[in-house]
file my_file27.pdb (PDB, N, CA and C atoms)
ATOM      1  N   MET C   1      18.150  41.954  28.148
ATOM      2  CA  MET C   1      18.098  41.418  26.804
ATOM      3  C   MET C   1      17.460  42.474  25.899
ATOM      4  N   SER C   2      18.015  42.619  24.712
ATOM      5  CA  SER C   2      17.505  43.625  23.785
ATOM      6  C   SER C   2      16.166  43.203  23.197
ATOM      7  N   ARG C   3      15.540  44.151  22.563
ATOM      8  CA  ARG C   3      14.241  43.887  21.949
ATOM      9  C   ARG C   3      14.366  42.820  20.852
ATOM     10  N   ALA C   4      15.458  42.872  20.073
ATOM     11  CA  ALA C   4      15.690  41.862  19.025
ATOM     12  C   ALA C   4      15.924  40.491  19.650
ATOM     13  N   GLY C   5      16.588  40.471  20.788
ATOM     14  CA  GLY C   5      16.819  39.198  21.476
ATOM     15  C   GLY C   5      15.525  38.573  21.965
ATOM     16  N   LEU C   6      14.607  39.425  22.455
ATOM     17  CA  LEU C   6      13.313  38.912  22.903
ATOM     18  C   LEU C   6      12.480  38.402  21.733
ATOM     19  N   ALA C   7      12.566  39.075  20.601
ATOM     20  CA  ALA C   7      11.837  38.609  19.418
ATOM     21  C   ALA C   7      12.371  37.255  18.964
ATOM     22  N   ALA C   8      13.677  37.104  18.990
ATOM     23  CA  ALA C   8      14.270  35.818  18.608
ATOM     24  C   ALA C   8      13.875  34.725  19.593
ATOM     25  N   GLU C   9      13.787  35.061  20.856
ATOM     26  CA  GLU C   9      13.367  34.085  21.868
ATOM     27  C   GLU C   9      11.927  33.646  21.642
ATOM     28  N   ARG C  10      11.046  34.597  21.357
ATOM     29  CA  ARG C  10       9.646  34.245  21.065
ATOM     30  C   ARG C  10       9.543  33.379  19.820
ATOM     31  N   THR C  11      10.325  33.703  18.807
ATOM     32  CA  THR C  11      10.310  32.911  17.581
ATOM     33  C   THR C  11      10.844  31.508  17.838
ATOM     34  N   ALA C  12      11.894  31.403  18.635
ATOM     35  CA  ALA C  12      12.444  30.087  18.974
ATOM     36  C   ALA C  12      11.417  29.251  19.728
ATOM     37  N   LEU C  13      10.699  29.874  20.649
ATOM     38  CA  LEU C  13       9.660  29.149  21.376
ATOM     39  C   LEU C  13       8.528  28.706  20.453
ATOM     40  N   ALA C  14       8.197  29.527  19.466
ATOM     41  CA  ALA C  14       7.165  29.149  18.501
ATOM     42  C   ALA C  14       7.613  27.934  17.693
ATOM     43  N   TRP C  15       8.898  27.888  17.315
ATOM     44  CA  TRP C  15       9.405  26.721  16.589
ATOM     45  C   TRP C  15       9.400  25.487  17.484
ATOM     46  N   ARG C  16       9.673  25.677  18.765
ATOM     47  CA  ARG C  16       9.625  24.534  19.685
ATOM     48  C   ARG C  16       8.193  24.010  19.813
ATOM     49  N   ARG C  17       7.213  24.912  19.910
ATOM     50  CA  ARG C  17       5.806  24.478  19.958
ATOM     51  C   ARG C  17       5.410  23.768  18.668
ATOM     52  N   THR C  18       5.915  24.241  17.544
ATOM     53  CA  THR C  18       5.642  23.576  16.272
ATOM     54  C   THR C  18       6.217  22.174  16.273
ATOM     55  N   ALA C  19       7.407  22.001  16.820
ATOM     56  CA  ALA C  19       8.022  20.673  16.892
ATOM     57  C   ALA C  19       7.195  19.727  17.760
ATOM     58  N   VAL C  20       6.729  20.218  18.894
ATOM     59  CA  VAL C  20       5.916  19.378  19.778
ATOM     60  C   VAL C  20       4.594  19.007  19.109
ATOM     61  N   ALA C  21       3.954  19.983  18.464
ATOM     62  CA  ALA C  21       2.691  19.700  17.779
ATOM     63  C   ALA C  21       2.886  18.699  16.644
ATOM     64  N   ALA C  22       3.993  18.807  15.931
ATOM     65  CA  ALA C  22       4.273  17.864  14.844
ATOM     66  C   ALA C  22       4.503  16.457  15.389
ATOM     67  N   MET C  23       5.181  16.350  16.537
ATOM     68  CA  MET C  23       5.406  15.023  17.134
ATOM     69  C   MET C  23       4.087  14.396  17.567
ATOM     70  N   VAL C  24       3.210  15.195  18.158
ATOM     71  CA  VAL C  24       1.911  14.678  18.594
ATOM     72  C   VAL C  24       1.079  14.251  17.384
ATOM     73  N   THR C  25       1.089  15.052  16.340
ATOM     74  CA  THR C  25       0.349  14.705  15.129
ATOM     75  C   THR C  25       0.903  13.432  14.500
ATOM     76  N   SER C  26       2.203  13.290  14.494
ATOM     77  CA  SER C  26       2.825  12.076  13.974
ATOM     78  C   SER C  26       2.388  10.854  14.777
ATOM     79  N   ALA C  27       2.346  10.986  16.085
ATOM     80  CA  ALA C  27       1.900   9.874  16.936
ATOM     81  C   ALA C  27       0.440   9.523  16.651
ATOM     82  N   LEU C  28      -0.394  10.517  16.413
ATOM     83  CA  LEU C  28      -1.799  10.242  16.098
ATOM     84  C   LEU C  28      -1.947   9.520  14.759
ATOM     85  N   PHE C  29      -1.164   9.919  13.765
ATOM     86  CA  PHE C  29      -1.201   9.208  12.485
ATOM     87  C   PHE C  29      -0.725   7.766  12.643
ATOM     88  N   LEU C  30       0.324   7.553  13.424
ATOM     89  CA  LEU C  30       0.793   6.181  13.660
ATOM     90  C   LEU C  30      -0.256   5.362  14.404
ATOM     91  N   ASN C  31      -0.934   5.978  15.358
ATOM     92  CA  ASN C  31      -2.005   5.291  16.077
ATOM     93  C   ASN C  31      -3.113   4.884  15.113
ATOM     94  N   HIS C  32      -3.461   5.757  14.191
ATOM     95  CA  HIS C  32      -4.482   5.427  13.205
ATOM     96  C   HIS C  32      -4.036   4.254  12.336
ATOM     97  N   ALA C  33      -2.771   4.252  11.937
ATOM     98  CA  ALA C  33      -2.261   3.168  11.098
ATOM     99  C   ALA C  33      -2.292   1.839  11.845
ATOM    100  N   VAL C  34      -1.928   1.843  13.110
ATOM    101  CA  VAL C  34      -1.893   0.609  13.891
ATOM    102  C   VAL C  34      -3.294   0.083  14.165
ATOM    103  N   THR C  35      -4.218   0.965  14.495
ATOM    104  CA  THR C  35      -5.559   0.514  14.863
ATOM    105  C   THR C  35      -6.448   0.200  13.665
ATOM    106  N   SER C  36      -6.003   0.556  12.449
ATOM    107  CA  SER C  36      -6.849   0.293  11.282
ATOM    108  C   SER C  36      -6.593  -1.074  10.662
ATOM    109  N   GLY C  37      -5.747  -1.877  11.256
ATOM    110  CA  GLY C  37      -5.575  -3.249  10.799
ATOM    111  C   GLY C  37      -4.466  -3.470   9.784
ATOM    112  N   TRP C  38      -3.624  -2.521   9.552
ATOM    113  CA  TRP C  38      -2.478  -2.672   8.652
ATOM    114  C   TRP C  38      -2.874  -3.117   7.247
ATOM    115  N   ARG C  39      -3.980  -2.642   6.752
ATOM    116  CA  ARG C  39      -4.346  -2.912   5.362
ATOM    117  C   ARG C  39      -3.564  -1.954   4.454
ATOM    118  N   PRO C  40      -3.637  -2.118   3.137
ATOM    119  CA  PRO C  40      -2.836  -1.260   2.244
ATOM    120  C   PRO C  40      -3.108   0.236   2.389
ATOM    121  N   ALA C  41      -4.254   0.607   2.929
ATOM    122  CA  ALA C  41      -4.584   2.030   3.064
ATOM    123  C   ALA C  41      -3.780   2.730   4.152
ATOM    124  N   VAL C  42      -2.961   2.008   4.903
ATOM    125  CA  VAL C  42      -2.194   2.657   5.963
ATOM    126  C   VAL C  42      -0.942   3.331   5.429
ATOM    127  N   ILE C  43      -0.691   3.228   4.139
ATOM    128  CA  ILE C  43       0.486   3.878   3.577
ATOM    129  C   ILE C  43       0.400   5.397   3.760
ATOM    130  N   ALA C  44      -0.785   5.965   3.556
ATOM    131  CA  ALA C  44      -0.954   7.417   3.696
ATOM    132  C   ALA C  44      -0.693   7.894   5.121
ATOM    133  N   PRO C  45      -1.288   7.267   6.154
ATOM    134  CA  PRO C  45      -0.992   7.764   7.503
ATOM    135  C   PRO C  45       0.457   7.557   7.917
ATOM    136  N   ILE C  46       1.062   6.478   7.466
ATOM    137  CA  ILE C  46       2.473   6.264   7.812
ATOM    138  C   ILE C  46       3.346   7.309   7.120
ATOM    139  N   GLY C  47       3.032   7.603   5.860
ATOM    140  CA  GLY C  47       3.767   8.662   5.161
ATOM    141  C   GLY C  47       3.597  10.006   5.836
ATOM    142  N   ALA C  48       2.372  10.304   6.251
ATOM    143  CA  ALA C  48       2.122  11.570   6.946
ATOM    144  C   ALA C  48       2.870  11.619   8.275
ATOM    145  N   ALA C  49       2.931  10.495   8.967
ATOM    146  CA  ALA C  49       3.669  10.451  10.239
ATOM    147  C   ALA C  49       5.154  10.700  10.022
ATOM    148  N   ILE C  50       5.705  10.130   8.966
ATOM    149  CA  ILE C  50       7.125  10.337   8.676
ATOM    150  C   ILE C  50       7.397  11.800   8.330
ATOM    151  N   VAL C  51       6.527  12.383   7.526
ATOM    152  CA  VAL C  51       6.694  13.792   7.140
ATOM    153  C   VAL C  51       6.568  14.699   8.362
ATOM    154  N   MET C  52       5.625  14.415   9.241
ATOM    155  CA  MET C  52       5.477  15.230  10.448
ATOM    156  C   MET C  52       6.668  15.065  11.384
ATOM    157  N   ALA C  53       7.234  13.864  11.446
ATOM    158  CA  ALA C  53       8.440  13.670  12.254
ATOM    159  C   ALA C  53       9.599  14.482  11.679
ATOM    160  N   ALA C  54       9.699  14.531  10.354
ATOM    161  CA  ALA C  54      10.735  15.362   9.726
ATOM    162  C   ALA C  54      10.503  16.842  10.026
ATOM    163  N   LEU C  55       9.251  17.279  10.004
ATOM    164  CA  LEU C  55       8.930  18.661  10.361
ATOM    165  C   LEU C  55       9.310  18.945  11.811
ATOM    166  N   ALA C  56       9.080  17.996  12.692
ATOM    167  CA  ALA C  56       9.465  18.177  14.095
ATOM    168  C   ALA C  56      10.974  18.362  14.215
ATOM    169  N   GLY C  57      11.728  17.554  13.491
ATOM    170  CA  GLY C  57      13.187  17.688  13.520
ATOM    171  C   GLY C  57      13.649  19.021  12.959
ATOM    172  N   MET C  58      13.057  19.439  11.852
ATOM    173  CA  MET C  58      13.413  20.711  11.241
ATOM    174  C   MET C  58      13.065  21.875  12.181
ATOM    175  N   SER C  59      11.922  21.793  12.833
ATOM    176  CA  SER C  59      11.512  22.852  13.761
ATOM    177  C   SER C  59      12.447  22.917  14.952
ATOM    178  N   TYR C  60      12.862  21.761  15.448
ATOM    179  CA  TYR C  60      13.791  21.738  16.575
ATOM    180  C   TYR C  60      15.134  22.358  16.180
ATOM    181  N   LEU C  61      15.620  22.015  14.987
ATOM    182  CA  LEU C  61      16.894  22.576  14.540
ATOM    183  C   LEU C  61      16.807  24.095  14.367
ATOM    184  N   ARG C  62      15.672  24.579  13.867
ATOM    185  CA  ARG C  62      15.490  26.038  13.737
ATOM    186  C   ARG C  62      15.455  26.689  15.119
ATOM    187  N   ASN C  63      14.812  26.037  16.082
ATOM    188  CA  ASN C  63      14.781  26.526  17.455
ATOM    189  C   ASN C  63      16.201  26.642  18.002
ATOM    190  N   ARG C  64      17.004  25.599  17.804
ATOM    191  CA  ARG C  64      18.375  25.612  18.322
ATOM    192  C   ARG C  64      19.211  26.693  17.652
ATOM    193  N   SER C  65      19.040  26.884  16.339
ATOM    194  CA  SER C  65      19.840  27.902  15.659
ATOM    195  C   SER C  65      19.489  29.297  16.172
ATOM    196  N   LEU C  66      18.221  29.543  16.481
ATOM    197  CA  LEU C  66      17.848  30.842  17.040
ATOM    198  C   LEU C  66      18.409  31.023  18.436
ATOM    199  N   HIS C  67      18.423  29.966  19.236
ATOM    200  CA  HIS C  67      18.999  30.052  20.580
ATOM    201  C   HIS C  67      20.497  30.308  20.529
ATOM    202  N   GLU C  68      21.151  29.832  19.492
ATOM    203  CA  GLU C  68      22.598  30.015  19.363
ATOM    204  C   GLU C  68      22.960  31.344  18.713
ATOM    205  N   GLY C  69      21.955  32.145  18.382
ATOM    206  CA  GLY C  69      22.219  33.468  17.837
ATOM    207  C   GLY C  69      22.355  33.503  16.328
ATOM    208  N   ARG C  70      22.100  32.412  15.664
ATOM    209  CA  ARG C  70      22.144  32.386  14.192
ATOM    210  C   ARG C  70      20.738  32.688  13.699
ATOM    211  N   TYR C  71      20.462  33.974  13.523
ATOM    212  CA  TYR C  71      19.101  34.382  13.218
ATOM    213  C   TYR C  71      18.749  34.104  11.765
ATOM    214  N   GLY C  72      19.550  34.574  10.835
ATOM    215  CA  GLY C  72      19.262  34.322   9.429
ATOM    216  C   GLY C  72      17.797  34.596   9.110
ATOM    217  N   HIS C  73      17.438  34.505   7.899
ATOM    218  CA  HIS C  73      16.041  34.746   7.554
ATOM    219  C   HIS C  73      15.215  33.482   7.692
ATOM    220  N   GLY C  74      15.763  32.364   7.307
ATOM    221  CA  GLY C  74      15.030  31.112   7.478
ATOM    222  C   GLY C  74      13.758  31.026   6.659
ATOM    223  N   SER C  75      13.679  31.787   5.572
ATOM    224  CA  SER C  75      12.441  31.781   4.795
ATOM    225  C   SER C  75      12.172  30.420   4.172
ATOM    226  N   TRP C  76      13.219  29.681   3.829
ATOM    227  CA  TRP C  76      12.998  28.337   3.271
ATOM    228  C   TRP C  76      12.419  27.412   4.324
ATOM    229  N   VAL C  77      12.770  27.621   5.582
ATOM    230  CA  VAL C  77      12.224  26.784   6.650
ATOM    231  C   VAL C  77      10.734  27.054   6.804
ATOM    232  N   VAL C  78      10.358  28.302   6.773
ATOM    233  CA  VAL C  78       8.950  28.671   6.908
ATOM    234  C   VAL C  78       8.149  28.132   5.724
ATOM    235  N   ALA C  79       8.674  28.288   4.521
ATOM    236  CA  ALA C  79       7.968  27.797   3.329
ATOM    237  C   ALA C  79       7.829  26.283   3.351
ATOM    238  N   THR C  80       8.882  25.589   3.769
ATOM    239  CA  THR C  80       8.829  24.130   3.850
ATOM    240  C   THR C  80       7.832  23.683   4.905
ATOM    241  N   ALA C  81       7.845  24.338   6.053
ATOM    242  CA  ALA C  81       6.903  23.977   7.118
ATOM    243  C   ALA C  81       5.464  24.190   6.670
ATOM    244  N   ALA C  82       5.207  25.294   5.992
ATOM    245  CA  ALA C  82       3.849  25.554   5.505
ATOM    246  C   ALA C  82       3.430  24.506   4.473
ATOM    247  N   ALA C  83       4.333  24.148   3.574
ATOM    248  CA  ALA C  83       4.015  23.137   2.559
ATOM    249  C   ALA C  83       3.738  21.780   3.197
ATOM    250  N   VAL C  84       4.513  21.426   4.215
ATOM    251  CA  VAL C  84       4.314  20.147   4.905
ATOM    252  C   VAL C  84       2.956  20.121   5.588
ATOM    253  N   VAL C  85       2.609  21.196   6.262
ATOM    254  CA  VAL C  85       1.325  21.240   6.965
ATOM    255  C   VAL C  85       0.160  21.150   5.978
ATOM    256  N   VAL C  86       0.252  21.830   4.864
ATOM    257  CA  VAL C  86      -0.815  21.767   3.860
ATOM    258  C   VAL C  86      -0.921  20.361   3.278
ATOM    259  N   ALA C  87       0.217  19.737   2.971
ATOM    260  CA  ALA C  87       0.202  18.382   2.413
ATOM    261  C   ALA C  87      -0.385  17.377   3.393
ATOM    262  N   VAL C  88       0.000  17.467   4.647
ATOM    263  CA  VAL C  88      -0.514  16.528   5.650
ATOM    264  C   VAL C  88      -1.999  16.776   5.911
ATOM    265  N   ALA C  89      -2.428  18.015   5.859
ATOM    266  CA  ALA C  89      -3.868  18.294   6.005
ATOM    267  C   ALA C  89      -4.642  17.673   4.850
ATOM    268  N   GLY C  90      -4.074  17.711   3.661
ATOM    269  CA  GLY C  90      -4.705  17.054   2.519
ATOM    270  C   GLY C  90      -4.789  15.555   2.698
ATOM    271  N   ILE C  91      -3.726  14.955   3.199
ATOM    272  CA  ILE C  91      -3.726  13.512   3.468
ATOM    273  C   ILE C  91      -4.774  13.175   4.521
ATOM    274  N   ALA C  92      -4.865  13.996   5.558
ATOM    275  CA  ALA C  92      -5.854  13.750   6.610
ATOM    276  C   ALA C  92      -7.277  13.844   6.050
ATOM    277  N   ALA C  93      -7.512  14.785   5.151
ATOM    278  CA  ALA C  93      -8.840  14.905   4.545
ATOM    279  C   ALA C  93      -9.168  13.684   3.697
ATOM    280  N   VAL C  94      -8.194  13.201   2.938
ATOM    281  CA  VAL C  94      -8.412  12.007   2.117
ATOM    282  C   VAL C  94      -8.709  10.810   3.003
ATOM    283  N   ILE C  95      -7.964  10.666   4.090
ATOM    284  CA  ILE C  95      -8.205   9.547   5.016
ATOM    285  C   ILE C  95      -9.608   9.633   5.594
ATOM    286  N   GLU C  96     -10.004  10.828   5.985
ATOM    287  CA  GLU C  96     -11.332  11.001   6.607
ATOM    288  C   GLU C  96     -12.458  10.706   5.624
ATOM    289  N   PHE C  97     -12.331  11.190   4.403
ATOM    290  CA  PHE C  97     -13.439  11.041   3.454
ATOM    291  C   PHE C  97     -13.491   9.689   2.760
ATOM    292  N   THR C  98     -12.393   8.949   2.756
ATOM    293  CA  THR C  98     -12.394   7.651   2.069
ATOM    294  C   THR C  98     -12.358   6.465   3.007
ATOM    295  N   GLY C  99     -12.242   6.699   4.287
ATOM    296  CA  GLY C  99     -12.143   5.599   5.243
ATOM    297  C   GLY C  99     -13.463   4.867   5.446
ATOM    298  N   PRO C 100     -13.388   3.558   5.568
ATOM    299  CA  PRO C 100     -14.611   2.784   5.846
ATOM    300  C   PRO C 100     -14.924   2.817   7.343
ATOM    301  N   TRP C 101     -15.677   3.802   7.756
ATOM    302  CA  TRP C 101     -15.966   3.958   9.181
ATOM    303  C   TRP C 101     -17.295   3.284   9.512
ATOM    304  N   PRO C 102     -17.337   2.605  10.642
ATOM    305  CA  PRO C 102     -18.567   1.900  11.036
ATOM    306  C   PRO C 102     -19.698   2.831  11.396
TER
END

call {"tool": "encode", "arguments": {"input": "my_file27.pdb", "output": "structure tokens"}}
result
Amino acid sequence: MSRAGLAAERTALAWRRTAVAAMVTSALFLNHAVTSGWRPAVIAPIGAAIVMAALAGMSYLRNRSLHEGRYGHGSWVVATAAAVVVAVAGIAAVIEFTGPWP
């Protein structure tokens, strides 16, 4: 395999790890929503879970396109993924600082 092929393989694996991490984060947000009693404040964690699930799907599709040899630049994918992670981190901070914790 050529050097460019190995770089694409490493990048594809990184996108796969991003997809797995996004799925786990989505599950944690859903767990928080379920265990917090379904009050109106669960809208934020459910929204974050949906966004992270979308990021997981996007990351998986980018992984598959790299495996199929469609390298492209994918700069919009990287920018979107970064924006999603920043937005969800903001939501997580709001949940942490405003939650009524015992």

call {"tool": "closest_residue", "arguments": {"input": "my_file27.pdb", "among": "C:Leu55, C:Val34, C:Arg17, C:Ile46", "to": "C:Val84", "atoms": "all atoms listed in the file"}}
result
C:Leu55

call {"tool": "residues_around", "arguments": {"input": "my_file27.pdb", "residues": "C:Trp15", "least_positions_apart": "4", "cutoff": "5 Å", "atoms": "all atoms listed in the file", "output": "mmCIF file with N, CA and C atoms, keeping the file's coordinate frame"}}
result
data_model
loop_
_atom_site.group_PDB
_atom_site.id
_atom_site.type_symbol
_atom_site.label_atom_id
_atom_site.label_comp_id
_atom_site.auth_asym_id
_atom_site.auth_seq_id
_atom_site.Cartn_x
_atom_site.Cartn_y
_atom_site.Cartn_z
ATOM 1 N N THR C 11 10.325 33.703 18.807
ATOM 2 C CA THR C 11 10.310 32.911 17.581
ATOM 3 C C THR C 11 10.844 31.508 17.838
ATOM 4 N N ALA C 19 7.407 22.001 16.820
ATOM 5 C CA ALA C 19 8.022 20.673 16.892
ATOM 6 C C ALA C 19 7.195 19.727 17.760
ATOM 7 N N SER C 59 11.922 21.793 12.833
ATOM 8 C CA SER C 59 11.512 22.852 13.761
ATOM 9 C C SER C 59 12.447 22.917 14.952
#

call {"tool": "closest_residue", "arguments": {"input": "my_file27.pdb", "among": "C:His67, C:Ala56, C:Ile43, C:Leu28", "to": "C:Leu13", "atoms": "all atoms listed in the file"}}
result
C:His67

call {"tool": "select_by_dssp", "arguments": {"input": "my_file27.pdb", "residues": "chain C", "states": "helix (DSSP H, G or I)", "output": "ChimeraX atom specification"}}
result
/C:3-35,40-67,75-98

call {"tool": "residues_around", "arguments": {"input": "my_file27.pdb", "residues": "C:Thr25", "least_positions_apart": "2", "cutoff": "12 Å", "atoms": "only C-alpha atoms", "output": "ChimeraX atom specification"}}
result
/C:18-23,27-32,45-46,48-56,85,88-89,92

call {"tool": "atom_distance", "arguments": {"input": "my_file27.pdb", "atom1": "atom CA of C:Val86", "atom2": "atom CA of C:Ala14"}}
result
18.2 Å

call {"tool": "atom_distance", "arguments": {"input": "my_file27.pdb", "atom1": "atom CA of C:Ala44", "atom2": "atom CA of C:Ile91"}}
result
6.7 Å

call {"tool": "atom_distance", "arguments": {"input": "my_file27.pdb", "atom1": "atom N of C:Ala41", "atom2": "atom N of C:Ser26"}}
result
18.3 Å

call {"tool": "axis_aligned_box", "arguments": {"input": "my_file27.pdb", "around": "stretch 13-22 of chain C", "padding_each_side": "6 Å", "output": "JSON"}}
result
{"center_x": 6.7, "center_y": 23.2, "center_z": 18.1, "size_x": 20.0, "size_y": 25.4, "size_z": 18.5}

call {"tool": "closest_residue", "arguments": {"input": "my_file27.pdb", "among": "C:Val77, C:Leu66, C:Ala87, C:Val42", "to": "C:Glu9", "atoms": "only C-alpha atoms"}}
result
C:Leu66

call {"tool": "build_atoms", "arguments": {"input": "my_file27.pdb", "residues": "stretch 31-45 of chain C", "atoms": "N, CA, C and O atoms", "output": "mmCIF file, in the coordinates of the input"}}
result
data_model
loop_
_atom_site.group_PDB
_atom_site.id
_atom_site.type_symbol
_atom_site.label_atom_id
_atom_site.label_comp_id
_atom_site.auth_asym_id
_atom_site.auth_seq_id
_atom_site.Cartn_x
_atom_site.Cartn_y
_atom_site.Cartn_z
ATOM 1 N N ASN C 31 -0.934 5.978 15.358
ATOM 2 C CA ASN C 31 -2.005 5.291 16.077
ATOM 3 C C ASN C 31 -3.113 4.884 15.113
ATOM 4 O O ASN C 31 -3.631 3.767 15.189
ATOM 5 N N HIS C 32 -3.461 5.757 14.191
ATOM 6 C CA HIS C 32 -4.482 5.427 13.205
ATOM 7 C C HIS C 32 -4.036 4.254 12.336
ATOM 8 O O HIS C 32 -4.829 3.355 12.042
ATOM 9 N N ALA C 33 -2.771 4.252 11.937
ATOM 10 C CA ALA C 33 -2.261 3.168 11.098
ATOM 11 C C ALA C 33 -2.292 1.839 11.845
ATOM 12 O O ALA C 33 -2.671 0.807 11.276
ATOM 13 N N VAL C 34 -1.928 1.843 13.110
ATOM 14 C CA VAL C 34 -1.893 0.609 13.891
ATOM 15 C C VAL C 34 -3.294 0.083 14.165
ATOM 16 O O VAL C 34 -3.556 -1.118 14.049
ATOM 17 N N THR C 35 -4.218 0.965 14.495
ATOM 18 C CA THR C 35 -5.559 0.514 14.863
ATOM 19 C C THR C 35 -6.448 0.200 13.665
ATOM 20 O O THR C 35 -7.510 -0.378 13.838
ATOM 21 N N SER C 36 -6.003 0.556 12.449
ATOM 22 C CA SER C 36 -6.849 0.293 11.282
ATOM 23 C C SER C 36 -6.593 -1.074 10.662
ATOM 24 O O SER C 36 -7.191 -1.395 9.642
ATOM 25 N N GLY C 37 -5.747 -1.877 11.256
ATOM 26 C CA GLY C 37 -5.575 -3.249 10.799
ATOM 27 C C GLY C 37 -4.466 -3.470 9.784
ATOM 28 O O GLY C 37 -4.391 -4.521 9.185
ATOM 29 N N TRP C 38 -3.624 -2.521 9.552
ATOM 30 C CA TRP C 38 -2.478 -2.672 8.652
ATOM 31 C C TRP C 38 -2.874 -3.117 7.247
ATOM 32 O O TRP C 38 -2.209 -3.896 6.607
ATOM 33 N N ARG C 39 -3.980 -2.642 6.752
ATOM 34 C CA ARG C 39 -4.346 -2.912 5.362
ATOM 35 C C ARG C 39 -3.564 -1.954 4.454
ATOM 36 O O ARG C 39 -2.899 -1.055 4.944
ATOM 37 N N PRO C 40 -3.637 -2.118 3.137
ATOM 38 C CA PRO C 40 -2.836 -1.260 2.244
ATOM 39 C C PRO C 40 -3.108 0.236 2.389
ATOM 40 O O PRO C 40 -2.260 1.051 2.041
ATOM 41 N N ALA C 41 -4.254 0.607 2.929
ATOM 42 C CA ALA C 41 -4.584 2.030 3.064
ATOM 43 C C ALA C 41 -3.780 2.730 4.152
ATOM 44 O O ALA C 41 -3.904 3.935 4.314
ATOM 45 N N VAL C 42 -2.961 2.008 4.903
ATOM 46 C CA VAL C 42 -2.194 2.657 5.963
ATOM 47 C C VAL C 42 -0.942 3.331 5.429
ATOM 48 O O VAL C 42 -0.228 3.969 6.196
ATOM 49 N N ILE C 43 -0.691 3.228 4.139
ATOM 50 C CA ILE C 43 0.486 3.878 3.577
ATOM 51 C C ILE C 43 0.400 5.397 3.760
ATOM 52 O O ILE C 43 1.384 6.039 4.108
ATOM 53 N N ALA C 44 -0.785 5.965 3.556
ATOM 54 C CA ALA C 44 -0.954 7.417 3.696
ATOM 55 C C ALA C 44 -0.693 7.894 5.121
ATOM 56 O O ALA C 44 0.085 8.839 5.319
ATOM 57 N N PRO C 45 -1.288 7.267 6.154
ATOM 58 C CA PRO C 45 -0.992 7.764 7.503
ATOM 59 C C PRO C 45 0.457 7.557 7.917
ATOM 60 O O PRO C 45 1.025 8.393 8.619
#
